[in-house]
$ cat final_27.cif   # mmCIF, C-alpha atoms and all ligand atoms
data_protein
#
loop_
_atom_site.label_atom_id
_atom_site.label_comp_id
_atom_site.auth_asym_id
_atom_site.auth_seq_id
_atom_site.Cartn_x
_atom_site.Cartn_y
_atom_site.Cartn_z
CA MET Y 1 217.49 151.98 231.39
CA LEU Y 2 214.61 154.01 229.94
CA GLU Y 3 216.75 155.00 226.98
CA LYS Y 4 217.57 151.34 226.36
CA ILE Y 5 213.83 150.51 226.31
CA LEU Y 6 213.17 153.31 223.82
CA LYS Y 7 216.00 152.19 221.55
CA GLU Y 8 214.76 148.59 221.58
CA PHE Y 9 211.22 149.83 220.91
CA ASP Y 10 212.46 151.81 217.89
CA LEU Y 11 214.02 148.68 216.38
CA ASP Y 12 210.90 146.57 217.06
CA TYR Y 13 208.79 149.39 215.61
CA LEU Y 14 210.69 149.32 212.32
CA ALA Y 15 210.49 145.53 212.07
CA CYS Y 16 206.75 145.41 212.70
CA GLN Y 17 204.87 144.71 209.38
CA ASP Y 18 201.50 143.27 210.34
CA LYS Y 19 198.77 143.16 212.95
CA THR Y 20 200.08 140.05 214.71
CA ALA Y 21 203.53 141.57 215.18
CA TYR Y 22 201.83 144.77 216.32
CA ASN Y 23 199.85 142.98 219.05
CA ASP Y 24 203.04 141.24 220.26
CA LEU Y 25 204.81 144.60 220.30
CA ARG Y 26 202.07 146.20 222.37
CA VAL Y 27 202.16 143.36 224.91
CA LYS Y 28 205.98 143.45 225.02
CA TYR Y 29 206.02 147.11 226.14
CA LEU Y 30 202.65 147.94 227.65
CA GLY Y 31 201.35 144.54 228.75
CA LYS Y 32 201.04 143.44 232.39
CA SER Y 33 204.67 142.29 232.40
CA GLY Y 34 205.71 144.64 229.64
CA LYS Y 35 208.95 146.56 229.70
CA VAL Y 36 207.30 149.95 230.44
CA THR Y 37 205.02 148.42 233.09
CA ASP Y 38 208.06 146.77 234.70
CA ALA Y 39 209.90 150.10 234.63
CA LEU Y 40 206.94 151.69 236.44
CA LYS Y 41 207.01 148.97 239.08
CA GLU Y 42 210.72 149.65 239.53
CA ILE Y 43 209.85 153.02 241.12
CA LYS Y 44 209.71 151.37 244.54
CA ASN Y 45 213.46 150.74 244.38
CA VAL Y 46 214.33 154.29 243.37
CA PRO Y 47 215.63 156.57 246.17
CA ASN Y 48 212.92 158.96 247.40
CA GLU Y 49 214.67 162.08 246.11
CA ASN Y 50 214.71 160.66 242.56
CA LYS Y 51 211.26 159.07 242.60
CA LYS Y 52 209.50 162.15 241.16
CA ALA Y 53 211.90 162.60 238.24
CA TYR Y 54 211.96 158.86 237.54
CA GLY Y 55 208.18 158.64 237.64
CA GLU Y 56 207.88 161.54 235.18
CA SER Y 57 210.41 159.95 232.81
CA VAL Y 58 208.67 156.55 232.79
CA ASN Y 59 205.31 158.25 232.23
CA ASN Y 60 206.74 160.28 229.35
CA LEU Y 61 208.14 157.06 227.88
CA LYS Y 62 204.75 155.37 228.24
CA VAL Y 63 202.94 158.29 226.57
CA LEU Y 64 205.52 158.32 223.77
CA ILE Y 65 205.26 154.57 223.14
CA GLU Y 66 201.45 154.73 223.24
CA LYS Y 67 201.52 157.54 220.68
CA ARG Y 68 203.95 155.67 218.42
CA LEU Y 69 201.88 152.47 218.72
CA GLY Y 70 198.77 154.46 217.75
CA GLU Y 71 200.53 155.74 214.62
CA LEU Y 72 201.82 152.28 213.83
CA SER Y 73 198.32 150.80 214.10
CA GLU Y 74 196.94 153.38 211.63
CA LYS Y 75 199.84 152.75 209.25
CA LEU Y 76 199.30 148.98 209.32
CA GLU Y 77 195.57 149.37 208.70
CA ALA Y 78 196.25 151.58 205.68
CA MET Y 79 198.75 149.01 204.36
CA GLU Y 80 196.26 146.18 204.79
CA PHE Y 81 193.55 148.13 202.97
CA GLU Y 82 195.90 148.87 200.09
CA LYS Y 83 196.80 145.20 199.77
CA LEU Y 84 193.12 144.24 199.81
CA MET Y 85 192.39 146.73 197.05
CA ALA Y 86 195.35 145.53 194.99
CA ASP Y 87 194.19 141.90 195.24
CA MET Y 88 190.61 142.73 194.42
CA GLU Y 89 189.23 142.37 190.87
CA ARG Y 90 187.97 145.82 190.00
CA VAL Y 91 185.90 147.28 187.20
CA ASP Y 92 186.74 150.78 186.17
CA LEU Y 93 183.47 152.18 184.95
CA THR Y 94 185.17 155.22 183.53
CA VAL Y 95 187.20 153.23 180.96
CA PRO Y 96 185.53 153.41 177.51
CA ASN Y 97 184.11 150.02 176.46
CA ALA Y 98 186.47 148.92 173.74
CA GLU Y 99 185.10 145.37 173.42
CA SER Y 100 182.39 145.00 170.81
CA VAL Y 101 179.55 142.68 171.68
CA GLY Y 102 178.73 140.12 169.02
CA SER Y 103 175.34 138.78 168.03
CA LEU Y 104 173.94 135.65 166.45
CA HIS Y 105 174.05 135.48 162.66
CA PRO Y 106 170.81 136.60 160.93
CA ILE Y 107 170.33 133.06 159.55
CA THR Y 108 170.73 131.55 163.03
CA ILE Y 109 168.23 134.02 164.48
CA THR Y 110 165.72 133.24 161.72
CA GLN Y 111 166.27 129.50 162.07
CA ASN Y 112 165.87 129.57 165.87
CA LYS Y 113 162.60 131.45 165.55
CA ILE Y 114 161.16 128.94 163.06
CA VAL Y 115 162.43 125.95 165.03
CA GLU Y 116 160.63 127.24 168.14
CA ILE Y 117 157.37 127.58 166.17
CA PHE Y 118 157.63 124.01 164.89
CA LYS Y 119 158.60 122.62 168.25
CA SER Y 120 155.47 124.17 169.74
CA MET Y 121 153.49 122.28 167.07
CA GLY Y 122 155.05 118.98 168.15
CA PHE Y 123 157.62 118.60 165.37
CA ALA Y 124 160.90 116.76 165.97
CA VAL Y 125 163.96 118.77 164.96
CA GLU Y 126 166.59 116.82 163.04
CA ASP Y 127 170.05 117.59 161.79
CA GLY Y 128 171.15 116.48 158.32
CA ASN Y 129 174.55 115.59 156.88
CA GLU Y 130 176.41 118.06 154.71
CA VAL Y 131 178.23 115.34 152.80
CA GLU Y 132 175.63 112.94 151.48
CA THR Y 133 175.39 109.77 149.49
CA ASP Y 134 174.16 110.00 145.93
CA TYR Y 135 171.36 107.69 147.08
CA ASN Y 136 170.01 110.02 149.78
CA ASN Y 137 170.45 113.22 147.81
CA PHE Y 138 168.93 111.93 144.58
CA GLU Y 139 167.80 108.32 144.28
CA ALA Y 140 165.77 108.14 147.50
CA VAL Y 141 163.88 111.26 146.44
CA ASN Y 142 162.95 109.80 143.11
CA ILE Y 143 165.78 111.27 141.02
CA PRO Y 144 167.52 108.23 139.53
CA LYS Y 145 170.85 108.43 137.73
CA ASN Y 146 170.62 110.06 134.31
CA HIS Y 147 167.23 111.59 135.19
CA PRO Y 148 167.02 115.08 133.68
CA ALA Y 149 165.87 116.43 137.09
CA ARG Y 150 169.49 116.13 138.26
CA ASP Y 151 170.23 119.12 136.05
CA MET Y 152 168.00 121.27 138.26
CA GLN Y 153 170.71 121.22 140.91
CA ASP Y 154 174.24 121.65 139.62
CA THR Y 155 176.11 119.54 142.11
CA PHE Y 156 179.52 119.36 143.76
CA TYR Y 157 180.58 115.70 143.52
CA LEU Y 158 183.36 114.26 145.66
CA GLU Y 159 185.89 111.80 144.26
CA ASN Y 160 184.29 108.95 146.24
CA GLY Y 161 180.95 109.54 144.51
CA GLN Y 162 179.36 111.35 147.44
CA VAL Y 163 177.93 114.85 147.06
CA LEU Y 164 177.71 118.06 149.00
CA LYS Y 165 174.00 118.02 149.86
CA THR Y 166 172.16 120.08 147.25
CA HIS Y 167 168.93 120.28 149.25
CA THR Y 168 167.61 119.35 152.67
CA SER Y 169 165.34 116.79 150.97
CA ALA Y 170 168.44 114.57 151.13
CA SER Y 171 167.51 113.81 154.76
CA GLN Y 172 163.96 112.67 153.98
CA ASN Y 173 164.80 108.99 153.58
CA ARG Y 174 166.92 108.78 156.73
CA ILE Y 175 164.24 110.51 158.80
CA MET Y 176 161.43 108.28 157.50
CA ARG Y 177 163.53 105.25 158.35
CA LYS Y 178 164.30 106.62 161.80
CA TYR Y 179 160.74 107.54 162.86
CA GLY Y 180 158.46 105.53 160.59
CA ALA Y 181 154.86 106.76 160.30
CA PRO Y 182 153.19 108.85 161.56
CA LEU Y 183 155.88 111.51 161.68
CA LYS Y 184 156.28 115.27 162.02
CA ALA Y 185 159.81 116.56 161.62
CA ILE Y 186 161.76 119.57 160.41
CA PHE Y 187 165.38 119.56 159.36
CA PRO Y 188 167.23 122.79 158.71
CA GLY Y 189 170.59 122.58 156.98
CA ARG Y 190 173.29 124.00 154.78
CA CYS Y 191 173.09 123.19 151.08
CA PHE Y 192 175.58 123.56 148.23
CA ARG Y 193 175.11 124.10 144.53
CA ASN Y 194 177.45 125.06 141.74
CA GLU Y 195 175.52 128.27 141.10
CA GLU Y 196 176.14 131.34 139.04
CA LEU Y 197 176.29 133.83 141.91
CA ASP Y 198 174.07 136.89 142.05
CA ALA Y 199 172.15 138.89 144.64
CA SER Y 200 169.76 136.00 145.31
CA HIS Y 201 171.87 132.94 144.48
CA GLU Y 202 174.72 131.59 146.61
CA ASN Y 203 176.74 128.40 146.21
CA THR Y 204 176.25 127.79 149.95
CA PHE Y 205 172.84 128.55 151.44
CA PHE Y 206 170.39 127.31 154.04
CA GLN Y 207 167.06 125.58 153.70
CA LEU Y 208 164.59 124.40 156.29
CA GLU Y 209 162.62 121.37 155.27
CA GLY Y 210 159.60 119.79 156.92
CA MET Y 211 157.58 116.61 156.55
CA MET Y 212 154.30 115.51 157.99
CA ILE Y 213 153.12 111.95 157.39
CA ASP Y 214 149.93 110.41 158.75
CA LYS Y 215 146.71 108.75 157.68
CA ASP Y 216 144.29 110.78 155.51
CA ILE Y 217 146.60 113.71 154.83
CA SER Y 218 145.50 115.79 151.84
CA ILE Y 219 146.36 119.03 150.04
CA SER Y 220 143.90 120.86 152.35
CA ASN Y 221 146.06 119.89 155.32
CA LEU Y 222 149.10 121.16 153.45
CA ILE Y 223 147.47 124.52 152.68
CA TYR Y 224 146.07 125.00 156.19
CA PHE Y 225 149.34 124.03 157.78
CA MET Y 226 151.50 126.28 155.58
CA LYS Y 227 149.20 129.24 156.17
CA THR Y 228 149.25 128.76 159.94
CA MET Y 229 153.00 128.22 160.01
CA LEU Y 230 153.84 131.24 157.84
CA SER Y 231 151.45 133.48 159.80
CA GLN Y 232 153.41 132.55 162.92
CA VAL Y 233 156.77 133.06 161.22
CA PHE Y 234 155.80 136.58 160.13
CA GLY Y 235 153.80 137.32 163.27
CA LYS Y 236 150.70 138.31 161.27
CA GLU Y 237 147.92 136.64 159.29
CA VAL Y 238 149.09 135.84 155.73
CA ASN Y 239 147.37 134.19 152.75
CA VAL Y 240 148.96 131.52 150.60
CA ARG Y 241 148.44 130.47 147.02
CA LEU Y 242 149.72 127.46 145.15
CA ARG Y 243 151.08 127.29 141.62
CA PRO Y 244 152.10 124.04 139.97
CA GLY Y 245 155.77 123.21 140.46
CA PHE Y 246 157.80 120.19 139.48
CA PHE Y 247 159.85 118.24 141.98
CA PRO Y 248 160.22 114.51 141.36
CA PHE Y 249 159.70 113.67 145.02
CA VAL Y 250 156.26 115.23 145.37
CA GLU Y 251 153.06 114.62 143.42
CA PRO Y 252 151.40 117.01 142.99
CA GLY Y 253 154.14 119.57 143.51
CA PHE Y 254 153.66 123.27 144.10
CA GLU Y 255 155.39 126.58 144.37
CA LEU Y 256 153.78 128.26 147.34
CA ASP Y 257 153.44 132.04 147.38
CA CYS Y 258 152.65 133.98 150.53
CA SER Y 259 150.84 137.33 150.59
CA CYS Y 260 153.53 139.90 151.26
CA PRO Y 261 153.76 140.34 155.05
CA TYR Y 262 155.58 143.63 154.65
CA CYS Y 263 152.99 145.57 152.65
CA GLY Y 264 149.93 143.36 153.27
CA GLY Y 265 149.63 142.70 149.52
CA GLU Y 266 149.70 146.35 148.43
CA GLY Y 267 153.01 145.98 146.59
CA CYS Y 268 156.46 146.96 147.89
CA SER Y 269 160.14 146.45 147.14
CA VAL Y 270 160.29 143.09 148.95
CA CYS Y 271 157.49 141.57 146.83
CA LYS Y 272 158.62 143.50 143.75
CA LYS Y 273 155.24 145.29 143.65
CA SER Y 274 153.37 142.01 143.09
CA GLY Y 275 151.86 141.65 146.56
CA TRP Y 276 153.08 138.02 146.73
CA ILE Y 277 156.40 136.45 147.60
CA GLU Y 278 157.55 133.14 146.24
CA LEU Y 279 158.54 131.37 149.40
CA CYS Y 280 158.41 127.69 149.61
CA PRO Y 281 158.18 124.77 147.22
CA CYS Y 282 156.07 121.95 148.61
CA GLY Y 283 153.79 119.06 147.70
CA MET Y 284 152.34 115.72 148.58
CA ILE Y 285 155.11 113.17 149.12
CA HIS Y 286 155.44 110.84 146.13
CA PRO Y 287 154.30 107.26 146.93
CA ARG Y 288 157.62 105.90 145.71
CA VAL Y 289 159.50 108.17 148.14
CA LEU Y 290 157.35 106.89 151.01
CA GLU Y 291 157.99 103.34 149.89
CA MET Y 292 161.75 103.87 149.74
CA GLY Y 293 161.51 105.28 153.27
CA GLY Y 294 159.84 102.07 154.46
CA ILE Y 295 156.35 103.59 154.73
CA ASP Y 296 153.31 102.00 153.10
CA PRO Y 297 151.78 104.60 150.71
CA GLU Y 298 148.47 102.71 150.73
CA GLU Y 299 148.13 103.45 154.43
CA TYR Y 300 149.93 106.78 154.84
CA GLN Y 301 150.24 110.04 152.97
CA GLY Y 302 152.16 113.17 153.73
CA PHE Y 303 153.37 116.52 152.60
CA ALA Y 304 156.81 118.09 152.48
CA PHE Y 305 158.04 121.64 152.06
CA GLY Y 306 161.43 123.28 151.63
CA LEU Y 307 161.75 126.84 152.94
CA GLY Y 308 164.61 128.92 151.56
CA LEU Y 309 166.00 129.91 154.95
CA SER Y 310 168.71 132.25 153.64
CA ARG Y 311 166.17 134.14 151.57
CA LEU Y 312 163.77 134.32 154.52
CA ALA Y 313 166.59 135.77 156.66
CA MET Y 314 167.20 138.32 153.90
CA MET Y 315 163.57 139.41 154.08
CA ASN Y 316 163.57 139.44 157.87
CA PHE Y 317 166.61 141.68 158.06
CA GLU Y 318 166.08 143.66 154.86
CA ILE Y 319 169.29 142.41 153.25
CA ASN Y 320 169.26 142.92 149.51
CA ASP Y 321 172.23 140.77 148.54
CA ILE Y 322 172.53 137.14 149.69
CA ARG Y 323 176.34 137.25 149.39
CA VAL Y 324 176.49 139.45 152.48
CA LEU Y 325 175.32 136.51 154.62
CA ASN Y 326 178.31 134.25 153.94
CA GLY Y 327 180.79 136.95 152.97
CA GLY Y 328 182.38 137.06 156.41
CA LYS Y 329 182.85 140.80 156.08
CA LEU Y 330 182.26 142.12 159.57
CA LYS Y 331 181.87 145.66 158.32
CA GLN Y 332 178.83 144.60 156.30
CA LEU Y 333 177.44 142.13 158.85
CA LYS Y 334 177.61 144.75 161.60
CA GLN Y 335 175.27 146.97 159.61
CA ILE Y 336 172.51 144.36 159.84
CA LYS Y 337 170.22 145.30 162.68
CA THR Y 338 169.67 142.01 164.51
CA LYS Y 339 166.45 142.55 166.45
C1 LIG L 1 164.36 122.30 146.55
O1 LIG L 1 165.51 122.34 146.91
C2 LIG L 1 163.42 121.20 147.04
N1 LIG L 1 164.19 120.20 147.70
C3 LIG L 1 162.39 121.85 147.95
C4 LIG L 1 161.21 120.97 148.24
C5 LIG L 1 161.16 120.32 149.43
C6 LIG L 1 160.19 120.85 147.31
C7 LIG L 1 160.08 119.51 149.71
C8 LIG L 1 159.09 120.06 147.57
C9 LIG L 1 159.05 119.40 148.78
P1 LIG L 1 164.48 124.51 145.20
O2 LIG L 1 165.63 124.11 144.36
O3 LIG L 1 163.45 125.33 144.55
O4 LIG L 1 163.76 123.24 145.85
O5 LIG L 1 165.01 125.24 146.49
C10 LIG L 1 164.16 125.56 147.57
C11 LIG L 1 164.44 126.96 148.07
O6 LIG L 1 165.82 127.07 148.42
C12 LIG L 1 164.22 128.05 147.01
O7 LIG L 1 162.88 128.46 147.02
C13 LIG L 1 165.14 129.13 147.47
O8 LIG L 1 164.52 129.91 148.49
C14 LIG L 1 166.28 128.37 148.10
N2 LIG L 1 167.41 128.29 147.18
C15 LIG L 1 167.57 127.45 146.13
N3 LIG L 1 168.74 127.69 145.49
C16 LIG L 1 169.33 128.71 146.16
C17 LIG L 1 170.56 129.42 146.01
N4 LIG L 1 171.45 129.12 145.07
N5 LIG L 1 170.84 130.43 146.87
C18 LIG L 1 169.95 130.73 147.86
N6 LIG L 1 168.79 130.09 148.07
C19 LIG L 1 168.48 129.10 147.23
#
$ encode --input "final_27.cif" --output "structure tokens"
Amino acid sequence: MLEKILKEFDLDYLACQDKTAYNDLRVKYLGKSGKVTDALKEIKNVPNENKKAYGESVNNLKVLIEKRLGELSEKLEAMEFEKLMADMERVDLTVPNAESVGSLHPITITQNKIVEIFKSMGFAVEDGNEVETDYNNFEAVNIPKNHPARDMQDTFYLENGQVLKTHTSASQNRIMRKYGAPLKAIFPGRCFRNEELDASHENTFFQLEGMMIDKDISISNLIYFMKTMLSQVFGKEVNVRLRPGFFPFVEPGFELDCSCPYCGGEGCSVCKKSGWIELCPCGMIHPRVLEMGGIDPEEYQGFAFGLGLSRLAMMNFEINDIRVLNGGKLKQLKQIKTK
């Protein structure tokens, strides 16, 4: 009988694969009405002369089954742990990091920085179209058809008469119509010109334009504002100077130079030893442009400026050829230290 119990136990042992089956197995053999317990109780029916031997055999069986159950329990625990580990998402810190981490493009970094500065000064941030009407790109900024000023920007025309925006000033009219006066807005954007390419001229580049319109705005406001804004952009006090510049949508118009933030005006490679960098055309918005934007020039005045964002990014990141920015050559872009 004891042999039969052991044989049955062996089969159950082999079939047991998890904790639940294990608990059932334990109860089946060692529980209150388990097979080994029953065999022990059976001793009362065994003739006296055999009782001792029978008792020893059942005890041996019990010890053996307890030992085997102990082993089985350890085995099942190890199996469960292995399964848990296999299901778990693990990071092997010893594997070399093959994935390269990207970064924002130098133009995006520069743009974000300037946008934050303007936002803190209460400016709205607007997005412009890349495909524009001839009206917005030229006529609404005082450059009528056949005006020689159109030659200043060699333009990509589409078959339907629209143009790839040649400057961010193309958004001026739409923004004036959207906000009316007074208004403070900046509008960064991608511009396109049919340029002869060189280290500082691209056919696709970025500008960041701004407008401020209110009552009693004068050139002094323009100068003060540009100086404050550029000092913040470069993170140090800079001086500005104005030279006359012609843009049909501003009167008077200026080319604004900024004292070189890199050498403090001493002369370096960025400012080509002049101590000044030509940074940003600007001027007082032409009354006709205000009028076309639905704003009364008798009541309101304003100034506008157009930062060359790609060129500013070049300065920021010490890039000496603008073509690197749009070239899409990762090998070159990776060499730019994005701070
Ligand atoms: C304009 O585009 C005027 N709309 C700017 C303006 C706005 C004047 C508001 C007055 C009031 P300009 O063509 O000079 O101006 O271009 C402005 C800036 O864009 C330049 O100073 C230069 O930094 C940048 N830029 C112009 N052409 C290119 C080009 N091909 N590649 C890279 N940057 C360019």
$ closest_residue --input "final_27.cif" --among "Y:Tyr157, Y:Tyr224, Y:Phe305, Y:Tyr54" --to "ligand LIG 1 (chain L)" --atoms "only C-alpha atoms and all ligand atoms"
Y:Phe305
$ residues_near_ligand --input "final_27.cif" --ligand "ligand LIG 1 (chain L)" --cutoff "9 Å" --atoms "only C-alpha atoms and all ligand atoms" --output "ChimeraX atom specification"
/Y:152-153,166-170,172,191-211,245-250,253-255,278-285,303-312,322
$ closest_residue --input "final_27.cif" --among "Y:Pro47, Y:Pro287, Y:Gly70, Y:Pro188" --to "Gln301 of chain Y" --atoms "all atoms listed in the file"
Y:Pro287
$ residues_around --input "final_27.cif" --residues "segment 331-334 of chain Y" --least-positions-apart "3" --cutoff "10 Å" --atoms "only C-alpha atoms" --output "ChimeraX atom specification"
/Y:102-103,105-106,319,324-328,337-338
$ write_last_selection --input "final_27.cif" --atoms "C-alpha atoms" --output "tab-separated table (two decimals), in the frame of the given file"
chain	number	residue	atom	x	y	z
Y	102	GLY	CA	178.73	140.12	169.02
Y	103	SER	CA	175.34	138.78	168.03
Y	105	HIS	CA	174.05	135.48	162.66
Y	106	PRO	CA	170.81	136.60	160.93
Y	319	ILE	CA	169.29	142.41	153.25
Y	324	VAL	CA	176.49	139.45	152.48
Y	325	LEU	CA	175.32	136.51	154.62
Y	326	ASN	CA	178.31	134.25	153.94
Y	327	GLY	CA	180.79	136.95	152.97
Y	328	GLY	CA	182.38	137.06	156.41
Y	337	LYS	CA	170.22	145.30	162.68
Y	338	THR	CA	169.67	142.01	164.51
$ residues_around --input "final_27.cif" --residues "segment 231-238 of chain Y" --least-positions-apart "6" --cutoff "12 Å" --atoms "all atoms listed in the file" --output "mmCIF file with C-alpha atoms, in the coordinates of the input"
data_model
loop_
_atom_site.group_PDB
_atom_site.id
_atom_site.type_symbol
_atom_site.label_atom_id
_atom_site.label_comp_id
_atom_site.auth_asym_id
_atom_site.auth_seq_id
_atom_site.Cartn_x
_atom_site.Cartn_y
_atom_site.Cartn_z
ATOM 1 C CA ILE Y 109 168.230 134.020 164.480
ATOM 2 C CA THR Y 110 165.720 133.240 161.720
ATOM 3 C CA GLN Y 111 166.270 129.500 162.070
ATOM 4 C CA ASN Y 112 165.870 129.570 165.870
ATOM 5 C CA LYS Y 113 162.600 131.450 165.550
ATOM 6 C CA ILE Y 114 161.160 128.940 163.060
ATOM 7 C CA VAL Y 115 162.430 125.950 165.030
ATOM 8 C CA GLU Y 116 160.630 127.240 168.140
ATOM 9 C CA ILE Y 117 157.370 127.580 166.170
ATOM 10 C CA PHE Y 118 157.630 124.010 164.890
ATOM 11 C CA SER Y 120 155.470 124.170 169.740
ATOM 12 C CA MET Y 121 153.490 122.280 167.070
ATOM 13 C CA ILE Y 223 147.470 124.520 152.680
ATOM 14 C CA TYR Y 224 146.070 125.000 156.190
ATOM 15 C CA PHE Y 225 149.340 124.030 157.780
ATOM 16 C CA ASP Y 257 153.440 132.040 147.380
ATOM 17 C CA CYS Y 258 152.650 133.980 150.530
ATOM 18 C CA SER Y 259 150.840 137.330 150.590
ATOM 19 C CA CYS Y 260 153.530 139.900 151.260
ATOM 20 C CA PRO Y 261 153.760 140.340 155.050
ATOM 21 C CA TYR Y 262 155.580 143.630 154.650
ATOM 22 C CA CYS Y 263 152.990 145.570 152.650
ATOM 23 C CA GLY Y 264 149.930 143.360 153.270
ATOM 24 C CA GLY Y 265 149.630 142.700 149.520
ATOM 25 C CA GLY Y 275 151.860 141.650 146.560
ATOM 26 C CA TRP Y 276 153.080 138.020 146.730
ATOM 27 C CA ILE Y 277 156.400 136.450 147.600
ATOM 28 C CA LEU Y 307 161.750 126.840 152.940
ATOM 29 C CA LEU Y 309 166.000 129.910 154.950
ATOM 30 C CA LEU Y 312 163.770 134.320 154.520
ATOM 31 C CA ALA Y 313 166.590 135.770 156.660
ATOM 32 C CA MET Y 315 163.570 139.410 154.080
ATOM 33 C CA ASN Y 316 163.570 139.440 157.870
#
$ build_atoms --input "final_27.cif" --residues "segment 128-149 of chain Y" --atoms "N, CA and C atoms" --output "compact mmCIF listing (two decimals), in the frame of the given file"
# COMPACT_ATOMS: atom_id res chain seq x y z
N GLY Y 128 170.78 117.32 159.48
CA GLY Y 128 171.15 116.48 158.32
C GLY Y 128 172.66 116.49 158.10
N ASN Y 129 173.12 115.59 157.23
CA ASN Y 129 174.55 115.59 156.88
C ASN Y 129 174.82 116.65 155.84
N GLU Y 130 176.06 117.13 155.79
CA GLU Y 130 176.41 118.06 154.71
C GLU Y 130 177.03 117.30 153.54
N VAL Y 131 177.75 116.22 153.86
CA VAL Y 131 178.23 115.34 152.80
C VAL Y 131 177.27 114.16 152.75
N GLU Y 132 176.68 113.95 151.58
CA GLU Y 132 175.63 112.94 151.48
C GLU Y 132 175.95 111.88 150.44
N THR Y 133 175.26 110.78 150.54
CA THR Y 133 175.39 109.77 149.49
C THR Y 133 174.54 110.21 148.30
N ASP Y 134 174.94 109.74 147.14
CA ASP Y 134 174.16 110.00 145.93
C ASP Y 134 172.74 109.46 146.13
N TYR Y 135 172.66 108.31 146.84
CA TYR Y 135 171.36 107.69 147.08
C TYR Y 135 170.42 108.63 147.84
N ASN Y 136 170.89 109.16 148.98
CA ASN Y 136 170.01 110.02 149.78
C ASN Y 136 169.67 111.32 149.08
N ASN Y 137 170.67 111.90 148.42
CA ASN Y 137 170.45 113.22 147.81
C ASN Y 137 169.55 113.13 146.58
N PHE Y 138 169.68 112.02 145.84
CA PHE Y 138 168.93 111.93 144.58
C PHE Y 138 168.01 110.71 144.49
N GLU Y 139 168.59 109.53 144.59
CA GLU Y 139 167.80 108.32 144.28
C GLU Y 139 166.60 108.15 145.22
N ALA Y 140 166.84 108.37 146.51
CA ALA Y 140 165.77 108.14 147.50
C ALA Y 140 164.68 109.20 147.41
N VAL Y 141 164.95 110.29 146.66
CA VAL Y 141 163.88 111.26 146.44
C VAL Y 141 163.49 111.25 144.95
N ASN Y 142 163.54 110.03 144.44
CA ASN Y 142 162.95 109.80 143.11
C ASN Y 142 163.70 110.49 141.96
N ILE Y 143 164.99 110.69 142.13
CA ILE Y 143 165.78 111.27 141.02
C ILE Y 143 166.87 110.25 140.66
N PRO Y 144 166.51 109.25 139.85
CA PRO Y 144 167.52 108.23 139.53
C PRO Y 144 168.65 108.79 138.68
N LYS Y 145 169.71 107.99 138.56
CA LYS Y 145 170.85 108.43 137.73
C LYS Y 145 170.34 108.71 136.31
N ASN Y 146 170.96 109.67 135.68
CA ASN Y 146 170.62 110.06 134.31
C ASN Y 146 169.23 110.67 134.16
N HIS Y 147 168.54 110.92 135.29
CA HIS Y 147 167.23 111.59 135.19
C HIS Y 147 167.49 113.07 134.94
N PRO Y 148 166.76 113.66 134.00
CA PRO Y 148 167.02 115.08 133.68
C PRO Y 148 166.84 116.01 134.89
N ALA Y 149 166.09 115.56 135.91
CA ALA Y 149 165.87 116.43 137.09
C ALA Y 149 167.17 116.70 137.81
